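Participant: So that we are looking at the same thing, I have put the structure below in structure tokens.
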Amino acid sequence: NVGAHTILAIQHVAKCPPIVKFSSLMHDVGKTLTPKEQLPNHAGHEITGPELINKICLRLKVPNNFKEFAKISCLYHDRFYHILKLSPEDLYQTLFALQKFNIDDLIYFFRSDYFGRAKQKPAEIQKEKEDFFKKMMNILKNIKASDIPNFEKINKDANFKEKLREYKIQILKENII
């Protein structure tokens with residue numbers, strides 16, 4: 001039940017910053033567009049949600065930082081749920097998209113989605129995901145272009161951005177336990 005899940009998720013973040021509360025309220029809004037013949041599955045709701053969030057935020061004059069955090073939370077909450085199983089490329093894409101947001105706010109939000117369910121789940125699983133997320137985010141944020149082997153000899157042309165991306169993915173891959 002999406003409604004019950006949303007209420008439980010919001011209750012879980014009752015003492016969190018307002019931006020987290022708003023994102024918890026909005027994260028499954030894309031499920032409202034699920035065709036009846038697909039129910040009870042909501043495949044693709046994380047893709048349809050951000051456009052609905054845009055419309056809601058425009059109508060209610062929600063601040064841009066709330067809107068952007070809600071959209072990114074919607075887009076990536078399912079990826080976080082499976083973060084321990086993501087390929088290095090998908091992990092990089094996820095971390096890259098989330099890196100400009102406050103990590104504590106992201107963790108609070110991801111907790112609300114995980115624990116906001118009638119059927120309780122083991123806390124240690126969520127803790128393992130959070131620890132992995134923090135570790136990988138820290139690794140990604142600390143990689144500098146100059147860390148690339150033979151950096152001085154590499155052409156800094158149009159292909160350099162892709163070389164840096166590949167290097168970052170390789171470093172993440174090496175650090176996945």
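Chain identifiers are assigned as A, B, and so on, following the order in which chains appear in the structure tokens; residues are numbered from 1 within each chain, and ligands are numbered from 1 in order of appearance.
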Just want the 12 Å neighbourhood of A:Asn142, counted on only C-alpha atoms, with same-chain residues fewer than 5 positions away dropped. Output as a PDB file with N, CA and C atoms, in the first residue's frame.
Facilitator:
ATOM      1  N   GLN A  99      26.256  13.223  -5.303  1.00  0.00           N
ATOM      2  CA  GLN A  99      27.369  13.824  -4.573  1.00  0.00           C
ATOM      3  C   GLN A  99      27.193  15.289  -4.208  1.00  0.00           C
ATOM      4  N   LYS A 135      31.288   5.120   2.448  1.00  0.00           N
ATOM      5  CA  LYS A 135      32.654   4.768   2.053  1.00  0.00           C
ATOM      6  C   LYS A 135      32.892   5.072   0.572  1.00  0.00           C
ATOM      7  N   MET A 136      31.979   4.630  -0.271  1.00  0.00           N
ATOM      8  CA  MET A 136      32.145   4.824  -1.714  1.00  0.00           C
ATOM      9  C   MET A 136      32.051   6.308  -2.087  1.00  0.00           C
ATOM     10  N   MET A 137      31.151   7.031  -1.438  1.00  0.00           N
ATOM     11  CA  MET A 137      31.022   8.464  -1.710  1.00  0.00           C
ATOM     12  C   MET A 137      32.305   9.187  -1.307  1.00  0.00           C
ATOM     13  N   ASP A 147      45.356  12.071 -10.045  1.00  0.00           N
ATOM     14  CA  ASP A 147      45.605  10.720  -9.523  1.00  0.00           C
ATOM     15  C   ASP A 147      45.723   9.679 -10.635  1.00  0.00           C
ATOM     16  N   LYS A 168      37.718   6.647 -12.264  1.00  0.00           N
ATOM     17  CA  LYS A 168      36.918   6.657 -11.040  1.00  0.00           C
ATOM     18  C   LYS A 168      36.149   5.347 -10.877  1.00  0.00           C
ATOM     19  N   ILE A 171      38.566   2.700  -9.672  1.00  0.00           N
ATOM     20  CA  ILE A 171      38.892   2.851  -8.249  1.00  0.00           C
ATOM     21  C   ILE A 171      37.726   2.332  -7.396  1.00  0.00           C
ATOM     22  N   LEU A 172      36.515   2.661  -7.763  1.00  0.00           N
ATOM     23  CA  LEU A 172      35.356   2.144  -7.021  1.00  0.00           C
ATOM     24  C   LEU A 172      35.337   0.615  -7.069  1.00  0.00           C
TER      25      LEU A 172
END
Participant: Hey, what's within 12 Å of A:Pro40 if we count only C-alpha atoms and toss same-chain stuff fewer than 4 positions away? As an MDAnalysis selection string, please?
Facilitator: chainID A and resid 1:2 31:32 34:36
Participant: With only C-alpha atoms counted and 12 Å as the cut-off, give the residues of stretch 52-72 of chain A in contact with stretch 87-97 of chain A, each with its shortest interatomic distance in Å and the pair that gives it, as a tab-separated table.
Facilitator:
residue	atom	partner	partner_atom	distance
A:Glu68	CA	A:Ala97	CA	11.2
A:Phe69	CA	A:Ala97	CA	10.8
A:Lys71	CA	A:Ala97	CA	11.1
A:Ile72	CA	A:Ala97	CA	7.7
Participant: Select, from A:Lys153, A:Lys15, A:Arg117, A:His27, the residue with the minimum atom-to-atom distance to A:His77, counting only C-alpha atoms.
Facilitator: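 Closest candidate: A:His27.
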Participant: Nearest to A:Gly116 among A:Asp28, A:Glu37, A:Glu174, A:Asp131, with distances taken over only C-alpha atoms: which residue is it?
Facilitator: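 Comparing A:Asp28, A:Glu37, A:Glu174, A:Asp131 against A:Gly116, the winner is A:Asp28.
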